[in-house]
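Reviewing the structure listed below.
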Amino acid sequence: MSTSLKHLGKYELQQLLGKGNVGEVWKGYDTQLHRDVAIKILHTDLQSDPHFLTRFTTDGQEMTSLQHSNIVQVHEVNVSRASQSNEILAYLVMDYIEGRTLHDYLQRTSHKGAFPSIAQIIYLFTSIGVAIDYAHQKGIVHGNIKPGNILLNKHNTSQFTAGEPMLTDCGFTRFLGNNNNTVISPHYMSPEQARGEAPNNRSDIYALGVMLYEICTGVLPFRDESSVAVMMQHINTLPTPPILINPNIPPALSEVILRAMAKDTATRFPMASLLATAIADACSIQPNTHIALGQAGAFEDESSAPTSGPLQSSILGVAGPVPQPRTAKLPVVHPDVQNPPAASQKIRPNTSSSISIVSGQLPRVTVPIPATPLPTNKMPAISQTGKMSIPSGSLPAPIPSQPLTIHQVSPSFSRPLPAVIPSTPPPQLTAPQPEVRRRTRFIDAPVYVVTAALVLVLIVLGSAIGTLLALKSGAPSQATTKPLIGNVYFQDDALGHNNTLRIQMQNVPALAQGKSYFAWMQDAQNHTIALGQLPPPQNGTLSFSYPGDAKHTNLLLDTQSIFLTQENTDSNPTAPVGDKVYQATLDTPSFPEVKNILAATPELPNNQSVIVTLFESIKSINDKANSIVDSLQGTHDYNLARRQAVRIIETVDGTTYARSNGDLPAKEQSLLNTHIGLLSSPNQRGYIDILSLHVAQVKQNAGKDAALLQHVQNVENAITDLKDWVQKMRTYAVYIVKAAALTDPAIIGVALQLKKAAADSYTGRTIPPNNGPQPILGSAGAYQAYIECQYMAALTLEKV
């Protein structure tokens with residue numbers, strides 16, 4: 001296109017706003033209606049397709065029919081001939097929306113750890129979701145939903161503080177024909193589009209799921225230098241559960257994200273607005289049916305997003321300053337007690353159903369209303385001795401009134417044989433009893449308020465008395481003897497386990513002018529690998545993340561030590577030059593067993609990790625249990641429900657043992673051929689018992705390390721609970737497989753019990769008055785076990 005073009009029909013071209021693969025976008029002025037417009041002029045090479053102009057004019061007219069408050073209005077679709085170059089120009093004229101794109105916004109917020117509030121996420125997906133449903137009802141599939149195609153109108157910030165979200169390019173891909181692949185971003189492309197199929201309504205749902213994943217974790221689920229590699233990941237690779245990247249995501253929200261990103265289109269949400277409703281349900285916020293959700297909390301605008309220094313945690317925040325030192329004997333205090341969340345951020349959790357079956361009656365469903373505020377911090381709290389304690393939030397410390405006791409869990413190599421399936425629902429289906437949970441208010445629990453107040457008073461008095469005694473005795477005060485606190489944490493990203501790490505330090509002394517800290521890793525072959533330059537300490541606090549290498553190497557498996565050196569700030573050393581100042585090593589007696597649990601378990605093939613495999617197996621059962629309920633209550637696909645139950649049995653028992661013990665009837669074909677089950681068989685330990693053996697070894701070698709012993713205790717609690725819950729899941733799944741007719745109303749009750757046991761096994765169970773699952777007996781599940789095992793691997797940085 002000629003760059004000297006100044007007019008296009010009645011439109012005056014004023015400013016080039018951007019160039020893309022298919023054309024240019026200009027800010028223009030309508031000389032007849034006297035208004036600003038945006039004009040997208042398509043590249044002429046697109047018109048080499050003989051059918052392009054026909055599709056452009058026909059499908060383009062359908063785009064002009066879309067009139068929705070959250071869709072950028074297309075006013076005109078036209079073809080013109082440039083007077084100077086005589087070239088044919090195809091162009092669209094749209095409303096001019098002043099503001100940034102959602103992509104720009106996420107670069108300043110989620111990608112830097114400043115995550116949006118739940119209320120703002122819900123508003124974003126509700127407004128865009130309703131707009132997408134509107135387009136779908138008009139027969140228009142977007143086909144290229146991505147943050148770059150969502151504009152934020154800065155002149156309307158009444159609901160979304162960054163600007164009202166407006167969907168653009170709605171239906172644009174329809175007339176591009178074979179040029180679609182040059183337009184659609186591979187990072188948000190659905191599996192069916194990656195296979196070369198035409199997009200459908202649920203392709204748009206998948207793209208929304210990818211966006212939600214990115215917003216809540218700060219990373220894309222799939223990424224690679226090659227677009228083709230990214231597309232193949234969409235087709236073949238399951239995304240890492242978002243909750244493993246950001247443990248502060250509510251477990252139910254993590255499940256919503258994964259359902260929206262399901263490979264199977266039928267598994268995804270059928271409508272975009274239902275995805276928005278599921279987000280609200282998962283976070284226990286009731287959206288207004290008219291989209292106006294009220295003032296939307298504290299979603300920081302770009303202007304307030306941090307650009308340097310330690311990032312502040314938000315309700316979904318991963319990154320944040322290390323919590324202030326806290327001892328295990330003190331009550332857990334919300335870190336934001338001085339600035340409590342706004343009313344719109346006080347979350348009521350998802351309503352969950354439990355069912356009891358009364359003899360001679362149809363299933364009776366009781367629906368408790370629990371109360372679970374979202375956690376606010378991720379990293380473990382660190383005591384003055386440099387040891388970790390469990391943080392408040394997703395992994396709270398043990399209830400203070402309970403003494404710390406360490407119980408030996410003897411790995412069991414046997415289990416009860418499955419009972420013969422009766423012709424009527426088994427008696428144990430009356431359990432578990434419905435959990436009575438509701439929002440806890442101060443007036444509902446005066447004992448806790450008084451107790452907390454008394455404890456806080458005692459803390460204040462104790463601190464004052466301690467200070468006076470220190471001054472009187474001449475001992476130095478805490479203010480002058482702050483020890484350095486430094487830890488290294490292994491973390492997951494979207495494509496691997498323990499393949500990234502984070503360094504958190506407090507009370508770091510200031511460096512000389514022109515000097516900076518550099519982080520290094522020594523691997524198993526004694527090679528020194530540069531991790532990067534650390535940012536300057538901010539008020540003694542330092543936070544650094546190493547994103548891992550291109551191969552997503554499991555750092556826990558390959559690391560011998562982590563150390564810091566002082567180097568010249570303007571240097572870029574490939575090997576340490578300056579003095580080594582801090583170091584963390586993996587030479588403790590218990591660490592080999594920790595690596596066996598998290599990185600590579602000797603009993604398992606292909607360097608499998610027992611805790612990762614256990615967690616993913618239970619997650620797969622949770623997915624299948626939900627599918628069974630959906631099939632029985634919704635689609636009535638009884639064959640699918642039975643097949644999913646067969647898969648659960650094979651996952652729990654192992655295929656060979658399930659066949660020999662009668663859990664898997666001879667008439668049922670094996671669908672998984674699982675060698676190792678979650679539970680042990682007479683000839684093969686299951687994943688739960690394998691984990692138990694290695695955890696027992698960690699305990700044996702832990703010595704007097706109280707923090708490590710506490711993590712061991714928490715994993716043992718989860719193991720005890722999982723043995724019970726997984727046994728129940730097996731019983732329910734066998735009943736479904738052996739049922740004479742899945743149309744029997746009682747089967748729904750069995751399926752709901754299976755779904756409840758699977759959810760407890762996956763994310764843990766809330767026991768009132770707690771606000772969420774805890775790493776304690778009766779509450780801890782696979783998720784708590786996984787995180788506690790990761791905490792076992794935390795390293796302490798010490799001065800050299």
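The chains in the structure tokens are called A, B, ... from first to last as shown; in each chain the residues are counted from 1, and the ligands are counted from 1 in the order shown.
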* **Shell around Gly686 of chain A at 6 Å using only C-alpha atoms, local window under 3 positions removed, as a list in words** =>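 These residues fall inside the cut-off: Ile676, Gly677, Leu678, Leu679, Ser680 and Asp689 of chain A.
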* **All strand (DSSP E or B) residues (DSSP, backbone) inside segment 537-697 of chain A, as a ChimeraX atom specification** => /A:538,541-546,559-568,580-585,681,684
* Asked: Of the residues A:Pro547, A:Gly99, A:Gly764, A:Gly196, which is the one nearest to His155 of chain A, using only C-alpha atoms?
  ->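 So, comparing all the options, the nearest one is A:Gly99.
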Exercise: Lys728 of chain A partners within 9 Å, only C-alpha atoms, chain neighbours under 5 positions left out, as a compact mmCIF listing (two decimals) with C-alpha atoms, in the first residue's frame:
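Result went into part_2.txt, see below:
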# COMPACT_ATOMS: atom_id res chain seq x y z
CA GLN A 428 -21.33 -46.51 53.35
CA LYS A 723 -5.84 -44.09 51.63
CA ALA A 733 -16.50 -46.74 40.66
CA GLN A 753 -20.35 -39.52 46.20
CA LEU A 754 -17.56 -40.49 43.80
CA ALA A 757 -14.40 -38.24 47.24
* **Nearest-residue call for Asp492 of chain A, choices A:Gln513, A:Ser185, A:Thr126, A:Gln790, using only C-alpha atoms** =>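 Of the candidates, the smallest distance to Asp492 of chain A is held by A:Gln790.
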* **Non-local contacts of Gly778 of chain A (12 Å; only C-alpha atoms; under 3 positions in same chain excluded) as a PyMOL selection string** => chain A and resi 432+714+716-725+760-761+764-768+773-775+781+784
Same residues, C-alpha atoms, saved as a PDB file, in the first residue's frame:
ATOM      1  CA  PRO A 432     -19.519 -38.590  54.360  1.00  0.00           C
ATOM      2  CA  ASN A 714       1.710 -32.809  56.949  1.00  0.00           C
ATOM      3  CA  GLU A 716       1.730 -38.169  56.404  1.00  0.00           C
ATOM      4  CA  ASN A 717      -1.629 -36.597  57.209  1.00  0.00           C
ATOM      5  CA  ALA A 718      -2.391 -36.427  53.487  1.00  0.00           C
ATOM      6  CA  ILE A 719      -1.302 -40.045  52.990  1.00  0.00           C
ATOM      7  CA  THR A 720      -3.659 -41.201  55.732  1.00  0.00           C
ATOM      8  CA  ASP A 721      -6.562 -39.279  54.216  1.00  0.00           C
ATOM      9  CA  LEU A 722      -5.801 -40.424  50.662  1.00  0.00           C
ATOM     10  CA  LYS A 723      -5.839 -44.094  51.631  1.00  0.00           C
ATOM     11  CA  ASP A 724      -9.362 -43.647  52.967  1.00  0.00           C
ATOM     12  CA  TRP A 725     -10.707 -41.459  50.156  1.00  0.00           C
ATOM     13  CA  ASP A 760     -11.446 -34.258  48.487  1.00  0.00           C
ATOM     14  CA  SER A 761      -8.581 -36.436  47.255  1.00  0.00           C
ATOM     15  CA  GLY A 764      -8.431 -31.524  50.213  1.00  0.00           C
ATOM     16  CA  ARG A 765     -11.473 -31.089  52.440  1.00  0.00           C
ATOM     17  CA  THR A 766     -12.504 -28.028  54.421  1.00  0.00           C
ATOM     18  CA  ILE A 767     -13.194 -28.710  58.094  1.00  0.00           C
ATOM     19  CA  PRO A 768     -15.021 -25.884  59.904  1.00  0.00           C
ATOM     20  CA  PRO A 773      -8.328 -27.347  53.277  1.00  0.00           C
ATOM     21  CA  GLN A 774      -5.467 -27.590  55.754  1.00  0.00           C
ATOM     22  CA  PRO A 775      -2.456 -29.961  55.920  1.00  0.00           C
ATOM     23  CA  GLY A 781      -5.358 -34.214  49.973  1.00  0.00           C
ATOM     24  CA  GLN A 784      -1.411 -30.418  50.113  1.00  0.00           C
TER      25      GLN A 784
END
* Given only C-alpha atoms as the counted atoms, nearest of A:Ala600, A:Phe591, A:Asn236, A:Pro241 to Lys699 of chain A ->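 Ranking A:Ala600, A:Phe591, A:Asn236, A:Pro241 by distance to Lys699 of chain A, first place goes to A:Phe591.
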Residues near segment 515-517 of chain A, anyone? I mean within 6 Å using only C-alpha atoms, not counting same-chain ones fewer than 5 positions away, as a PDB file with N, CA and C atoms, in the first residue's frame.
ATOM      1  N   LEU A 534      21.060 -10.375  40.244  1.00  0.00           N
ATOM      2  CA  LEU A 534      19.950 -10.109  41.147  1.00  0.00           C
ATOM      3  C   LEU A 534      19.674  -8.610  41.206  1.00  0.00           C
ATOM      4  N   THR A 565      27.580 -14.455  44.343  1.00  0.00           N
ATOM      5  CA  THR A 565      28.851 -13.743  44.379  1.00  0.00           C
ATOM      6  C   THR A 565      28.607 -12.251  44.205  1.00  0.00           C
ATOM      7  N   GLN A 566      29.597 -11.460  44.595  1.00  0.00           N
ATOM      8  CA  GLN A 566      29.575 -10.023  44.326  1.00  0.00           C
ATOM      9  C   GLN A 566      30.396  -9.751  43.074  1.00  0.00           C
ATOM     10  N   GLU A 567      29.751  -9.094  42.101  1.00  0.00           N
ATOM     11  CA  GLU A 567      30.415  -8.770  40.846  1.00  0.00           C
ATOM     12  C   GLU A 567      30.157  -7.309  40.505  1.00  0.00           C
ATOM     13  N   ASN A 568      30.911  -6.814  39.549  1.00  0.00           N
ATOM     14  CA  ASN A 568      30.664  -5.459  39.066  1.00  0.00           C
ATOM     15  C   ASN A 568      29.286  -5.408  38.385  1.00  0.00           C
ATOM     16  N   THR A 569      28.544  -4.368  38.702  1.00  0.00           N
ATOM     17  CA  THR A 569      27.173  -4.260  38.196  1.00  0.00           C
ATOM     18  C   THR A 569      27.113  -4.257  36.685  1.00  0.00           C
TER      19      THR A 569
END
* Asked: Which of these residues is nearest to Gly113 of chain A, using only C-alpha atoms: A:Ala260, A:Phe490, A:Ser543, A:Gln73?
  ->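 Looking only at the distances to Gly113 of chain A, the closest residue turns out to be A:Ser543.
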